[in-house]
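Chemist: As input, take model-v3.cif (mmCIF, C-alpha atoms and all ligand atoms):
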data_coords
#
loop_
_atom_site.label_atom_id
_atom_site.label_comp_id
_atom_site.auth_asym_id
_atom_site.auth_seq_id
_atom_site.Cartn_x
_atom_site.Cartn_y
_atom_site.Cartn_z
CA MET C 10 -47.38 -43.72 -236.15
CA ILE C 11 -46.64 -41.57 -233.10
CA ILE C 12 -43.28 -42.08 -231.43
CA ALA C 13 -43.08 -40.39 -228.03
CA GLN C 14 -39.69 -39.61 -226.53
CA ILE C 15 -38.57 -38.79 -223.01
CA THR C 16 -35.00 -38.29 -221.92
CA ASP C 17 -32.72 -37.36 -219.04
CA ALA C 18 -34.93 -38.04 -216.02
CA HIS C 19 -31.96 -38.44 -213.61
CA ILE C 20 -34.02 -40.38 -211.05
CA LEU C 21 -32.45 -40.94 -207.63
CA PRO C 22 -33.15 -43.53 -204.95
CA LYS C 23 -36.32 -42.67 -203.03
CA GLY C 24 -35.74 -39.88 -200.50
CA GLN C 25 -32.70 -38.35 -202.27
CA VAL C 26 -32.76 -35.06 -204.17
CA TRP C 27 -31.00 -34.05 -207.37
CA LEU C 28 -27.92 -31.79 -206.97
CA ASP C 29 -28.91 -31.46 -203.27
CA LYS C 30 -31.59 -29.00 -204.37
CA PRO C 31 -35.11 -30.11 -203.34
CA GLU C 32 -36.65 -27.66 -205.86
CA THR C 33 -35.49 -29.86 -208.73
CA GLU C 34 -37.98 -32.67 -207.82
CA VAL C 35 -36.84 -34.94 -210.63
CA SER C 36 -39.17 -37.81 -209.66
CA ASP C 37 -42.26 -35.54 -209.47
CA ARG C 38 -41.33 -34.15 -212.87
CA LEU C 39 -41.17 -37.61 -214.46
CA LYS C 40 -44.47 -38.59 -212.77
CA LEU C 41 -46.11 -35.51 -214.30
CA VAL C 42 -44.83 -36.49 -217.75
CA VAL C 43 -46.09 -40.09 -217.31
CA GLU C 44 -49.54 -38.67 -216.40
CA HIS C 45 -49.54 -36.45 -219.51
CA LEU C 46 -48.43 -39.30 -221.78
CA ASN C 47 -51.17 -41.59 -220.47
CA LYS C 48 -53.83 -38.97 -221.23
CA LEU C 49 -52.75 -38.28 -224.81
CA VAL C 50 -55.30 -38.73 -227.57
CA PRO C 51 -54.39 -40.26 -229.93
CA ARG C 52 -52.20 -42.49 -227.83
CA PRO C 53 -48.54 -42.74 -228.94
CA ASP C 54 -47.60 -46.17 -230.31
CA VAL C 55 -44.26 -46.33 -228.51
CA LEU C 56 -42.16 -44.39 -226.05
CA LEU C 57 -38.39 -44.11 -226.46
CA PHE C 58 -36.49 -43.27 -223.26
CA THR C 59 -33.14 -41.99 -224.49
CA GLY C 60 -30.93 -42.39 -221.44
CA ASP C 61 -29.82 -40.74 -218.22
CA THR C 62 -32.82 -42.59 -216.86
CA VAL C 63 -31.25 -42.40 -213.39
CA GLU C 64 -28.62 -40.18 -211.78
CA THR C 65 -26.09 -42.60 -210.30
CA GLY C 66 -26.79 -45.99 -211.87
CA CYS C 67 -27.44 -47.77 -208.57
CA LYS C 68 -29.98 -50.53 -207.97
CA ARG C 69 -32.21 -48.41 -205.71
CA ALA C 70 -32.46 -45.65 -208.32
CA TYR C 71 -33.61 -48.19 -210.95
CA GLN C 72 -36.18 -49.58 -208.49
CA HIS C 73 -37.54 -46.06 -208.01
CA LEU C 74 -37.54 -45.47 -211.77
CA LYS C 75 -39.50 -48.69 -212.38
CA GLU C 76 -42.10 -47.62 -209.83
CA ILE C 77 -42.56 -44.26 -211.57
CA LEU C 78 -42.84 -45.88 -215.01
CA GLU C 79 -45.22 -48.61 -213.81
CA PRO C 80 -48.48 -46.68 -214.60
CA LEU C 81 -47.36 -46.07 -218.24
CA THR C 82 -49.82 -47.45 -220.77
CA ILE C 83 -47.44 -47.02 -223.72
CA PRO C 84 -44.72 -49.62 -224.44
CA VAL C 85 -41.40 -48.09 -223.38
CA TYR C 86 -37.95 -48.82 -224.85
CA ILE C 87 -34.93 -47.70 -222.86
CA ILE C 88 -31.26 -47.13 -223.63
CA PRO C 89 -28.44 -46.02 -221.30
CA GLY C 90 -26.92 -42.54 -221.03
CA ASN C 91 -23.70 -41.51 -219.31
CA HIS C 92 -25.42 -41.54 -215.90
CA ASP C 93 -26.73 -45.07 -216.35
CA ASN C 94 -25.03 -48.31 -215.39
CA ARG C 95 -25.43 -50.89 -218.14
CA LYS C 96 -25.40 -53.94 -215.85
CA GLU C 97 -27.77 -52.46 -213.26
CA MET C 98 -30.13 -51.39 -216.04
CA GLN C 99 -30.11 -54.89 -217.51
CA ALA C 100 -30.74 -56.41 -214.07
CA ALA C 101 -33.59 -54.00 -213.27
CA PHE C 102 -35.38 -54.49 -216.60
CA LEU C 103 -35.02 -58.27 -216.94
CA ASP C 104 -38.75 -58.40 -217.72
CA LYS C 105 -38.21 -56.43 -220.95
CA ALA C 106 -37.67 -59.06 -223.62
CA TYR C 107 -36.18 -56.55 -226.07
CA LEU C 108 -33.29 -55.66 -223.76
CA PRO C 109 -30.07 -57.66 -224.32
CA ARG C 110 -29.15 -59.56 -221.13
CA ASP C 111 -25.46 -58.60 -221.34
CA GLY C 112 -23.06 -56.60 -223.48
CA PHE C 113 -24.13 -53.40 -225.22
CA ILE C 114 -27.78 -52.36 -225.00
CA GLN C 115 -28.39 -52.20 -228.75
CA TYR C 116 -31.52 -53.71 -230.28
CA VAL C 117 -33.97 -53.43 -233.18
CA ILE C 118 -37.75 -53.00 -232.84
CA ASP C 119 -39.39 -54.25 -236.01
CA ASP C 120 -43.06 -54.32 -234.90
CA TYR C 121 -44.10 -50.93 -236.28
CA PRO C 122 -44.20 -49.19 -239.68
CA VAL C 123 -41.05 -47.30 -238.62
CA ARG C 124 -38.14 -49.55 -237.69
CA LEU C 125 -36.50 -48.42 -234.45
CA ILE C 126 -32.80 -49.05 -233.83
CA ALA C 127 -31.39 -48.48 -230.32
CA LEU C 128 -27.72 -47.54 -229.95
CA ASP C 129 -25.73 -47.73 -226.73
CA THR C 130 -23.24 -44.83 -226.42
CA ASN C 131 -22.39 -45.41 -222.75
CA VAL C 132 -18.73 -45.40 -221.66
CA PRO C 133 -18.56 -46.50 -218.00
CA ASN C 134 -17.64 -43.65 -215.63
CA GLU C 135 -17.31 -41.07 -218.43
CA ASP C 136 -19.61 -38.25 -219.47
CA TYR C 137 -18.72 -38.45 -223.16
CA GLY C 138 -20.16 -41.18 -225.30
CA ARG C 139 -18.74 -43.61 -227.82
CA LEU C 140 -19.78 -45.73 -230.74
CA CYS C 141 -16.83 -48.13 -230.90
CA SER C 142 -16.06 -50.24 -233.97
CA GLN C 143 -18.01 -53.20 -232.48
CA ARG C 144 -21.17 -51.12 -231.96
CA LEU C 145 -20.85 -49.49 -235.40
CA LEU C 146 -20.37 -52.86 -237.09
CA TRP C 147 -23.52 -54.13 -235.35
CA LEU C 148 -25.39 -51.08 -236.70
CA GLU C 149 -24.07 -51.57 -240.22
CA GLU C 150 -25.19 -55.21 -240.23
CA ASN C 151 -28.62 -54.40 -238.81
CA LEU C 152 -29.20 -51.59 -241.30
CA LYS C 153 -28.67 -54.13 -244.09
CA THR C 154 -31.21 -56.67 -242.74
CA ASN C 155 -34.17 -54.50 -243.73
CA SER C 156 -33.63 -51.55 -246.01
CA SER C 157 -37.23 -51.29 -247.22
CA LYS C 158 -38.61 -49.70 -244.05
CA PRO C 159 -38.09 -46.12 -242.83
CA THR C 160 -35.72 -46.40 -239.88
CA LEU C 161 -35.19 -44.16 -236.89
CA LEU C 162 -32.01 -44.40 -234.79
CA PHE C 163 -32.12 -43.49 -231.10
CA MET C 164 -29.11 -42.86 -228.89
CA HIS C 165 -28.24 -40.82 -225.79
CA HIS C 166 -25.18 -38.84 -226.90
CA PHE C 167 -25.51 -36.87 -230.14
CA PRO C 168 -22.68 -37.25 -232.65
CA MET C 169 -22.15 -33.58 -233.59
CA LYS C 170 -20.84 -30.55 -231.74
CA VAL C 171 -23.47 -28.03 -230.62
CA GLY C 172 -21.29 -24.97 -230.06
CA GLN C 173 -21.42 -25.06 -226.24
CA LYS C 174 -17.88 -25.63 -224.96
CA CYS C 175 -18.72 -27.86 -222.02
CA PHE C 176 -21.05 -30.11 -224.02
CA ASP C 177 -18.82 -30.32 -227.07
CA SER C 178 -16.36 -32.32 -224.97
CA MET C 179 -19.15 -34.74 -224.02
CA VAL C 180 -20.54 -35.70 -227.43
CA CYS C 181 -20.39 -39.18 -228.94
CA GLN C 182 -16.89 -40.20 -230.00
CA LEU C 183 -16.79 -42.34 -233.10
CA GLU C 184 -14.48 -45.22 -233.92
CA GLY C 185 -15.64 -45.43 -237.48
CA GLU C 186 -17.48 -43.64 -240.21
CA PHE C 187 -20.89 -43.20 -238.61
CA GLU C 188 -21.73 -40.12 -240.67
CA LYS C 189 -20.91 -41.92 -243.92
CA LEU C 190 -23.04 -44.86 -242.82
CA ILE C 191 -25.98 -42.50 -242.25
CA GLN C 192 -25.35 -40.83 -245.60
CA SER C 193 -25.27 -44.14 -247.45
CA SER C 194 -28.47 -45.50 -245.86
CA PRO C 195 -31.37 -43.85 -247.67
CA HIS C 196 -33.94 -45.61 -245.47
CA ILE C 197 -32.78 -43.74 -242.33
CA LEU C 198 -35.34 -41.08 -241.32
CA GLY C 199 -33.07 -39.49 -238.76
CA ILE C 200 -31.56 -39.75 -235.30
CA VAL C 201 -33.17 -38.83 -231.98
CA ALA C 202 -30.99 -38.22 -228.94
CA GLY C 203 -30.94 -36.61 -225.48
CA HIS C 204 -28.08 -35.65 -223.13
CA TYR C 205 -28.24 -31.89 -223.73
CA HIS C 206 -31.35 -31.26 -221.55
CA LYS C 207 -32.41 -28.74 -224.19
CA MET C 208 -33.98 -29.07 -227.59
CA CYS C 209 -31.81 -28.55 -230.65
CA THR C 210 -31.57 -29.95 -234.14
CA ALA C 211 -28.75 -30.39 -236.60
CA LEU C 212 -28.17 -31.93 -239.98
CA TYR C 213 -25.94 -34.98 -239.68
CA GLY C 214 -25.08 -37.13 -242.67
CA GLY C 215 -27.83 -35.28 -244.52
CA LYS C 216 -30.49 -36.38 -242.00
CA ILE C 217 -32.10 -34.62 -239.08
CA CYS C 218 -30.54 -35.22 -235.69
CA PHE C 219 -33.12 -34.19 -233.12
CA VAL C 220 -31.97 -33.60 -229.54
CA ALA C 221 -34.94 -33.76 -227.17
CA PRO C 222 -35.50 -31.64 -224.04
CA SER C 223 -35.28 -33.35 -220.65
CA THR C 224 -37.83 -34.23 -218.02
CA ALA C 225 -35.23 -33.14 -215.42
CA PRO C 226 -34.49 -29.38 -215.19
CA THR C 227 -32.61 -27.85 -218.08
CA HIS C 228 -29.11 -26.32 -218.22
CA TYR C 229 -28.46 -22.63 -218.32
CA PHE C 230 -25.26 -21.73 -220.16
CA ALA C 231 -23.26 -18.63 -219.33
CA ARG C 232 -23.23 -16.38 -222.38
CA ASN C 233 -19.57 -15.53 -222.02
CA GLU C 234 -16.15 -16.88 -223.00
CA ASP C 235 -16.28 -19.83 -220.59
CA ASN C 236 -19.67 -20.89 -221.84
CA HIS C 237 -20.18 -23.46 -219.10
CA VAL C 238 -23.35 -24.46 -217.25
CA THR C 239 -23.88 -21.91 -214.47
CA ALA C 240 -27.40 -22.74 -213.38
CA ILE C 241 -30.30 -25.11 -213.66
CA ASP C 242 -33.54 -23.68 -215.07
CA LEU C 243 -36.71 -24.99 -213.44
CA VAL C 244 -38.87 -24.92 -216.57
CA TYR C 245 -41.67 -27.46 -216.93
CA PRO C 246 -40.58 -31.03 -217.69
CA SER C 247 -40.84 -31.77 -221.40
CA PHE C 248 -41.47 -34.68 -223.71
CA THR C 249 -41.49 -34.98 -227.48
CA LEU C 250 -43.88 -36.47 -230.02
CA HIS C 251 -42.46 -37.54 -233.38
CA ARG C 252 -45.40 -37.93 -235.75
CA TRP C 253 -44.53 -40.11 -238.73
CA MET C 254 -46.93 -39.57 -241.60
CA GLY C 255 -45.53 -41.98 -244.17
CA GLY C 256 -42.44 -41.95 -246.35
CA PHE C 257 -39.98 -39.38 -245.04
CA GLN C 258 -42.54 -37.12 -243.43
CA MET C 259 -41.95 -36.83 -239.73
CA VAL C 260 -42.81 -33.83 -237.54
CA SER C 261 -41.30 -33.51 -234.07
CA GLU C 262 -43.09 -31.46 -231.42
CA CYS C 263 -41.84 -30.70 -227.91
CA ILE C 264 -44.54 -30.47 -225.26
CA GLN C 265 -44.23 -29.12 -221.74
CA ALA C 266 -46.06 -31.11 -219.08
CA ILE C 267 -47.81 -28.08 -217.68
CA ASN C 268 -49.62 -28.33 -214.38
CA PRO C 269 -53.35 -27.88 -215.30
CA SER C 270 -53.69 -25.14 -212.66
CA ASN C 271 -51.41 -22.99 -214.82
CA ARG C 272 -53.50 -23.42 -217.98
CA LEU C 273 -55.91 -20.60 -218.74
CA LEU C 274 -59.02 -21.76 -220.55
CA ILE C 275 -60.33 -19.42 -223.23
CA ASN C 276 -63.83 -19.07 -224.62
CA ASN C 277 -63.92 -20.86 -227.96
CA LYS C 278 -67.44 -19.64 -228.83
CA LYS C 279 -67.57 -17.71 -232.09
CA LYS C 280 -68.29 -14.03 -231.62
CA GLU C 281 -71.73 -12.98 -232.89
FE FE C 301 -28.64 -35.83 -218.57
FE FE C 302 -26.17 -37.36 -220.50
#
Mind converting the file's structure to structure tokens?
Ligand SMILES: [Fe+2]
Ligand SMILES: [Fe+2]

Modeler:
Amino acid sequence: MIIAQITDAHILPKGQVWLDKPETEVSDRLKLVVEHLNKLVPRPDVLLFTGDTVETGCKRAYQHLKEILEPLTIPVYIIPGNHDNRKEMQAAFLDKAYLPRDGFIQYVIDDYPVRLIALDTNVPNEDYGRLCSQRLLWLEENLKTNSSKPTLLFMHHFPMKVGQKCFDSMVCQLEGEFEKLIQSSPHILGIVAGHYHKMCTALYGGKICFVAPSTAPTHYFARNEDNHVTAIDLVYPSFTLHRWMGGFQMVSECIQAINPSNRLLINNKKKE
């Protein structure tokens, strides 16, 4: 099973630009990733979109996002990030049967060999995330309903600190023993998250927590005492493929959606 992941697209209403900098072209970047995903062979089975789907959570941004995602040939499952608005997201994606119509956007996808559990870490108008006792209780109950299948959790905010001052204040706050729950659930493969705009991994509760790179530009951190974001790096937009090969074997690969004009073809013919 191939689980594709995109995250942190930060789409704006049509005609607006991200951070007032036209060079960021967040919508063109997501379009490029959609094109790459549609051309993949073998085709991924599912696509997880781990939040910050839009920049400001307004209706017009979600309309624009839907337009960009329309050509996707892979079933997409979305969750909110700190930039999303839960209610506007629910209203925009009413056609997605998996998405709860109100309350937290947490759900279980049981149609594949790997069970996918979506967690909603959004706290309205805050950049940090939270798994409150209600959301954690929901997770605990849903982990019990099928413990025979490998299970992957996906959420926007990661639960551990990453050693970057400004992001460590924006991680997922926990109103319960999330790490112990992970530790005591042997069927959990791991956690995939976003939010950081850069790839990193950590061990959390003895499992891998994989933080995927963004489709929007990435953050550049000052390498000094302050350690805050000082710039935006215009690297290629990225997506991730998690290849599950049975049991607890899963390999995660980050891919840059490179413009074909920047790809140099080499001669593969064997030398005589
Ligand atoms: Fe983001
Ligand atoms: Fe975020």

Chemist: Please identify every polymer residue within 6 Å of ligand FE 302 (chain C), using all atoms listed in the file, and present the set as a PDB file with C-alpha atoms, in the coordinates of the input.

Modeler:
ATOM      1  CA  ASP C  61     -29.820 -40.740-218.220  1.00  0.00           C
ATOM      2  CA  GLY C  90     -26.920 -42.540-221.030  1.00  0.00           C
ATOM      3  CA  ASN C  91     -23.700 -41.510-219.310  1.00  0.00           C
ATOM      4  CA  HIS C 204     -28.080 -35.650-223.130  1.00  0.00           C
TER       5      HIS C 204
END

Chemist: Excluding C:Leu21 and any residue of its chain fewer than 6 positions from it, enumerate the residues within 12 Å of it, using only C-alpha atoms, and give them as a PyMOL selection string.

Modeler: chain C and resi 27-29+31+33-37+39+61-77+92-93+225

Chemist: Separation of atom CA of C:Ser157 and atom CA of C:Met169, in Å?

Modeler: 27.0 Å

Chemist: Please return, as an NGL selection string, all polymer residues that have at least one atom within 9 Å of the point (-45.9, -37.7, -232.6); use only C-alpha atoms and the file's own coordinate frame.

Modeler: :C and (10-14 or 53-54 or 249-253 or 259-262)

Chemist: Just checking: using all atoms listed in the file, which residue out of C:Val85, C:Ile200, C:Met179, C:Ala266 ends up closest to ligand FE 301 (chain C)?

Modeler: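 Selected residue with least distance to ligand FE 301 (chain C): C:Met179.
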
Chemist: If we count only C-alpha atoms and set the cut-off at 10 Å, which residues sit around C:Phe102, ignoring sequence neighbours fewer than 4 positions away in its own chain? Please answer as a PyMOL selection string.

Modeler: chain C and resi 71-72+75+87+97-98+106-110

Chemist: Go through C:Arg144, C:Arg124, C:His19, C:Arg38 one by one, measure the shortest atom-to-atom distance of each to C:Gly199 using all atoms listed in the file, and give the residue with the smallest value.

Modeler: C:Arg124

Chemist: With distances taken over all atoms listed in the file, which of C:Leu161, C:His206, C:Leu103, C:Thr82 is nearest to C:Val123?

Modeler: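 Among the listed residues, C:Leu161 lies closest to C:Val123.
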
Chemist: Write out as a list in words the residues lying within 8 Å of C:Val43, counting only C-alpha atoms and excluding same-chain residues fewer than 3 positions away.

Modeler: Leu39, Lys40, Leu46, Asn47, Ile77, Leu78, Pro80 and Leu81 of chain C

Chemist: Have a look at C:Asp104, C:Asp119, C:Glu79, C:Asp136 and name the one nearest to ligand FE 301 (chain C); count all atoms listed in the file.

Modeler: C:Asp136

Chemist: In terms of the shortest atom-to-atom distance over only C-alpha atoms, which of C:Thr59, C:Pro168, C:Gln143, C:Gly256 is closest to C:Ala18?

Modeler: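 Smallest separation from C:Ala18 among the options: C:Thr59.
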
Chemist: So that I can check the surroundings of C:Ile126, please list as a list of chain:residue names every protein, DNA and RNA residue that reaches within 10 Å of it, counting all atoms listed in the file and ignoring chain neighbours fewer than 3 positions away.

Modeler: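 Residues near the query, excluding close chain neighbours: C:Gln115, C:Tyr116, C:Val117, C:Ile118, C:Asp119, C:Val123, C:Leu148, C:Asn151, C:Leu152, C:Thr160, C:Leu161, C:Leu162, C:Phe163, C:Met164, C:Ile200.
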
Chemist: Which of these, C:Val171, C:Ser156, C:Gln182, C:Pro246, has the shortest distance to C:Ser142 once you count all atoms listed in the file?

Modeler: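 Ranked by minimum distance to C:Ser142, first place goes to C:Gln182.
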
Chemist: Could you rebuild stretch 59-79 of chain C with N, CA and C atoms and give me the result as a JSON list (two decimals), keeping the file's coordinate frame?

Modeler:
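Everything below was put into result-v3.json:
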[["chain", "number", "residue", "atom", "x", "y", "z"],
["C", 59, "THR", "N", -34.49, -42.06, -223.94],
["C", 59, "THR", "CA", -33.14, -41.99, -224.49],
["C", 59, "THR", "C", -32.04, -41.68, -223.46],
["C", 60, "GLY", "N", -32.07, -42.38, -222.35],
["C", 60, "GLY", "CA", -30.93, -42.39, -221.44],
["C", 60, "GLY", "C", -30.89, -41.33, -220.35],
["C", 61, "ASP", "N", -29.86, -41.45, -219.50],
["C", 61, "ASP", "CA", -29.82, -40.74, -218.22],
["C", 61, "ASP", "C", -31.15, -40.97, -217.51],
["C", 62, "THR", "N", -31.54, -42.22, -217.49],
["C", 62, "THR", "CA", -32.82, -42.59, -216.86],
["C", 62, "THR", "C", -32.70, -42.35, -215.36],
["C", 63, "VAL", "N", -31.50, -42.63, -214.82],
["C", 63, "VAL", "CA", -31.25, -42.40, -213.39],
["C", 63, "VAL", "C", -30.00, -41.53, -213.25],
["C", 64, "GLU", "N", -29.74, -41.09, -212.01],
["C", 64, "GLU", "CA", -28.62, -40.18, -211.78],
["C", 64, "GLU", "C", -27.31, -40.93, -211.54],
["C", 65, "THR", "N", -27.35, -41.97, -210.71],
["C", 65, "THR", "CA", -26.09, -42.60, -210.30],
["C", 65, "THR", "C", -25.95, -44.07, -210.70],
["C", 66, "GLY", "N", -26.91, -44.62, -211.37],
["C", 66, "GLY", "CA", -26.79, -45.99, -211.87],
["C", 66, "GLY", "C", -26.88, -47.07, -210.81],
["C", 67, "CYS", "N", -27.37, -46.74, -209.62],
["C", 67, "CYS", "CA", -27.44, -47.77, -208.57],
["C", 67, "CYS", "C", -28.80, -48.49, -208.60],
["C", 68, "LYS", "N", -28.80, -49.67, -207.98],
["C", 68, "LYS", "CA", -29.98, -50.53, -207.97],
["C", 68, "LYS", "C", -31.23, -49.82, -207.44],
["C", 69, "ARG", "N", -31.06, -49.07, -206.34],
["C", 69, "ARG", "CA", -32.21, -48.41, -205.71],
["C", 69, "ARG", "C", -32.80, -47.31, -206.60],
["C", 70, "ALA", "N", -31.96, -46.68, -207.40],
["C", 70, "ALA", "CA", -32.46, -45.65, -208.32],
["C", 70, "ALA", "C", -33.31, -46.32, -209.41],
["C", 71, "TYR", "N", -32.84, -47.49, -209.91],
["C", 71, "TYR", "CA", -33.61, -48.19, -210.95],
["C", 71, "TYR", "C", -34.93, -48.72, -210.40],
["C", 72, "GLN", "N", -34.92, -49.13, -209.11],
["C", 72, "GLN", "CA", -36.18, -49.58, -208.49],
["C", 72, "GLN", "C", -37.18, -48.43, -208.45],
["C", 73, "HIS", "N", -36.68, -47.25, -208.07],
["C", 73, "HIS", "CA", -37.54, -46.06, -208.01],
["C", 73, "HIS", "C", -38.06, -45.70, -209.40],
["C", 74, "LEU", "N", -37.16, -45.77, -210.39],
["C", 74, "LEU", "CA", -37.54, -45.47, -211.77],
["C", 74, "LEU", "C", -38.66, -46.41, -212.24],
["C", 75, "LYS", "N", -38.50, -47.70, -211.96],
["C", 75, "LYS", "CA", -39.50, -48.69, -212.38],
["C", 75, "LYS", "C", -40.86, -48.38, -211.77],
["C", 76, "GLU", "N", -40.85, -47.98, -210.52],
["C", 76, "GLU", "CA", -42.10, -47.62, -209.83],
["C", 76, "GLU", "C", -42.79, -46.44, -210.53],
["C", 77, "ILE", "N", -41.98, -45.45, -210.92],
["C", 77, "ILE", "CA", -42.56, -44.26, -211.57],
["C", 77, "ILE", "C", -43.11, -44.61, -212.96],
["C", 78, "LEU", "N", -42.41, -45.53, -213.65],
["C", 78, "LEU", "CA", -42.84, -45.88, -215.01],
["C", 78, "LEU", "C", -43.99, -46.88, -215.03],
["C", 79, "GLU", "N", -44.22, -47.54, -213.91],
["C", 79, "GLU", "CA", -45.22, -48.61, -213.81],
["C", 79, "GLU", "C", -46.60, -48.22, -214.40]]
